[in-house]
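See structure below.
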Amino acid sequence: MGIREFPGGAPRGKSIALGMRRSPDVSPRRLSDISPQLRQLKYLVVDEAIKEDLKWSRSVEDLTSGPAGLTSIEERILRITGYYGYQPWAASYKREERPRDGPGPAEAAAGAEAGRASRRCCRCSGPRLRKLTWGLAVVLCVCASWAGSTQLAKLTFRTFDAPFTLTWFATTWNCLFFLLYYAGHVCKAAERQSVRQRYRECCRFFGDNGLTLKVFFTKAAPFGVLWTLTNYLYLHAIKKINTTDASVLFCCNKAFVFLLSWIVLRDRFMGVRIVAAILAIAGIVMMTYADGFHSHSVIGIALVVGSASTSALYKVLFKLLLGSAKFGEAALFLSVLGVFNLVFVTCIPVVLYFTKVEYWSPFTAIPWGNLCGFAILLLTFNVVLNFGIAVTYPTLMSLGIVLSVPVNAVVDHYTSTIVFNGVRVIAIIIIGLGFLLLLLPEEWDVWLIQLLTRLKVRKKEEAAEGGADPGSGPPNKRRGRPSFAR
């Protein structure tokens with residue numbers, strides 16, 4: 001029997017091929033009566049609102065699913081019209097045996113998004129890992145340089161009892177800051193500038209007119225005085241107390257910075273930092289009590305606390321008057337402090353020598369090795385502390401200072417007669433805890449709430465997955481009709 005043409009121009013065999021799968025013994029006589037309606041269904045456009053209202057109906061969904069949708073409609077029509085010889089299970093069986101197609105658009109989009117997220121995580125993990133690696137190196141460098149300079153200063157005072165002269169000598173080395181920065185600029189910058197060009201560009205930090213004489217005395221000289229005073233008070237305190245107590249008490253400068261910033265700069269109030277400041281003050285009192293309030297130890301503790309206070313005042317005034325500085329500007333500023341020390345402070349060690357307040361004789365007995373070693377370690381400490389932010393996080397750099405406390409404690413245990421009684425240990429722990437609390441970021445409470453929320457959601461998901469029994473089969477599986485045949 002040939003293929004008969006329909007009025008619409010489409011052969012009847014094509015309608016059967018598009019519409020359904022039938023067994024060879026099925027007569028197409030009844031299907032010819034409804035084929036025009038099937039062609040109309042193929043081009044039927046369903047409104048989106050109707051789709052939403054009738055989403056439960058498989059017939060509406062099957063209208064837009066291509067040939068498979070038409071097959072489902074024809075199967076329903078043939079079942080209703082009583083088309084003899086129709087075997088729906090055969091069609092379903094063949095449809096299940098058909099090889100599975102590729103993922104749908106939604107699955108492909110989800111897979112692409114997951115791939116992009118994984119690649120983004122891989123890209124982010126590389127810089128973070130590199131920053132953490134550099135951070136570990138910076139922490140070790142800060143800890144070693146600060147603890148080494150403290151121990152070397154203590155060793156120097158055994159043969160050279162001149163703390164202010166040692167302060168002047170070490171501060172003069174600050175003149176090398178800008179030269180070290182320019183060397184790094186030449187090695188790393190794509191467009192190299194001359195020393196004069198780089199100097200003029202960094203001088204804009206002081207104002208439109210650059211580094212004038214007025215700016216030097218109004219903006220640089222006060223910080224030079226604070227810098228010298230901070231180092232002198234710390235070194236003078238090392239003469240009277242052990243290095244462990246001096247290093248742990250100097251960690252209180254972080255609490256003083258917060259208190260001054262809150263009062264002067266109107267920084268955000270944080271309860272956890274107030275607690276840290278209280279812990280720092282309590283640690284100072286307990287440290288004083290550890291040695292029984294002897295005059296020697298009380299004076300030493302007062303000197304260290306004064307050094308921490310001037311250091312905090314230096315940082316707050318710098319932020320108030322000068323703001324934030326780039327690497328080149330910071331290097332130039334520290335070099336200017338070295339020049340100020342060399343020009344205006346040199347007379348003070350000379351006066352102290354002739355008044356025999358700090359007297360040494362003969363000149364050949366000066367331990368130049370210890371002096372140069374102390375100056376190099378202190379310069380390294382300041383370089384890493386000011387430029388380390390380029391390669392790692394600031395919090396990691398601050399950890400190096402507090403880690404120098406146990407290093408100094410170990411050295412003092414083997415080289416001095418320090419007694420680590422219960423009060424001293426508790427004081428060290430309290431001050432260290434306050435220092436760590438001050439390192440918390442301002443949004444630490446928000447991050448903590450987000451972390452707890454994620455952990456709670458993940459716990460609920462794991463509990464839901466664990467509650468589902470994989471061996472029980474699909475939960476929506478229809479229960480078979482009981483058969484009464486024997």
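Naming scheme: A, B, ... for chains in displayed order of the structure tokens; residues 1 onward per chain; ligands 1 onward as shown.
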
(request) Excluding segment 236-251 of chain A and residues on its chain fewer than 6 positions from it, collect all residues at most 6 Å away from it, counting only C-alpha atoms, and give them as an MDAnalysis selection string. (result) chainID A and resid 163 297 300 303:304 308 405 408:409

Restricting the output to N, CA and C atoms, write the selected residues as a tab-separated table (two decimals), in the first residue's frame.
```
chain	number	residue	atom	x	y	z
A	163	PRO	N	73.49	53.40	76.53
A	163	PRO	CA	72.27	53.12	75.77
A	163	PRO	C	71.90	54.22	74.78
A	297	SER	N	63.47	46.85	89.38
A	297	SER	CA	62.51	46.29	88.44
A	297	SER	C	61.38	47.27	88.14
A	300	GLY	N	62.66	49.72	85.60
A	300	GLY	CA	62.77	49.07	84.30
A	300	GLY	C	61.41	48.89	83.64
A	303	LEU	N	60.14	52.17	82.37
A	303	LEU	CA	60.81	52.58	81.14
A	303	LEU	C	60.25	51.87	79.92
A	304	VAL	N	59.98	50.57	80.06
A	304	VAL	CA	59.41	49.83	78.92
A	304	VAL	C	58.01	50.33	78.60
A	308	ALA	N	56.70	51.86	75.09
A	308	ALA	CA	55.50	51.41	74.37
A	308	ALA	C	54.55	52.58	74.14
A	405	VAL	N	58.79	36.70	72.38
A	405	VAL	CA	58.76	36.56	73.84
A	405	VAL	C	59.23	35.17	74.27
A	408	ASN	N	63.02	34.86	73.69
A	408	ASN	CA	63.80	35.54	74.75
A	408	ASN	C	63.74	34.78	76.07
A	409	ALA	N	62.59	34.17	76.37
A	409	ALA	CA	62.47	33.40	77.61
A	409	ALA	C	63.41	32.20	77.62
```

(request) Using DSSP on the backbone coordinates, identify all residues within segment 242-414 of chain A classified as helix (DSSP H, G or I); present the result as a PyMOL selection string. (result) chain A and resi 243-250+253-264+271-290+295-321+327-344+347-354+363-365+368-390+394-414

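When atom CA of Ser416 of chain A is paired with atom CA of Leu155 of chain A, their separation reads 11.3 Å.
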
(request) Write out as a ChimeraX atom specification the residues lying within 9 Å of segment 442-446 of chain A, counting only C-alpha atoms and excluding same-chain residues fewer than 3 positions away. (result) /A:268,270,449-451

Write the residues of the preceding selection, restricted to N, CA and C atoms, as a PDB file, in the first residue's frame.
```
ATOM      1  N   ARG A 268      36.534  53.208  65.455  1.00  0.00           N
ATOM      2  CA  ARG A 268      35.371  52.437  65.874  1.00  0.00           C
ATOM      3  C   ARG A 268      35.620  51.785  67.246  1.00  0.00           C
ATOM      4  N   MET A 270      35.376  48.941  69.871  1.00  0.00           N
ATOM      5  CA  MET A 270      35.252  47.483  69.842  1.00  0.00           C
ATOM      6  C   MET A 270      35.452  46.961  71.263  1.00  0.00           C
ATOM      7  N   ILE A 449      29.929  34.721  62.893  1.00  0.00           N
ATOM      8  CA  ILE A 449      28.524  34.342  62.719  1.00  0.00           C
ATOM      9  C   ILE A 449      28.331  33.594  61.398  1.00  0.00           C
ATOM     10  N   GLN A 450      28.969  34.064  60.326  1.00  0.00           N
ATOM     11  CA  GLN A 450      28.864  33.374  59.035  1.00  0.00           C
ATOM     12  C   GLN A 450      29.453  31.968  59.105  1.00  0.00           C
ATOM     13  N   LEU A 451      30.570  31.834  59.795  1.00  0.00           N
ATOM     14  CA  LEU A 451      31.183  30.513  59.924  1.00  0.00           C
ATOM     15  C   LEU A 451      30.287  29.565  60.702  1.00  0.00           C
TER      16      LEU A 451
END
```

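Of the residues under consideration (A:Val257, A:Ala190, A:Ala325, A:Leu448), A:Ala325 shows the shortest atom-to-atom contact distance to Asn386 of chain A when counting only C-alpha atoms.
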
(request) For Ala280 of chain A, work out the shell of residues within 10 Å, counting only C-alpha atoms and skipping chain neighbours fewer than 5 positions away, then give it as a ChimeraX atom specification. (result) /A:248-249,251-256,274-275,285-286,427-428,430-435

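Distance check against Phe157 of chain A using only C-alpha atoms: of A:Leu379, A:Leu317, A:Leu436, A:Leu235, the minimum falls on A:Leu235.
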
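Distance annotation: of A:Pro367, A:Gly323, A:Gly328, A:Gly373, the residue with the minimal separation from Leu180 of chain A is A:Gly328; atom set is only C-alpha atoms.
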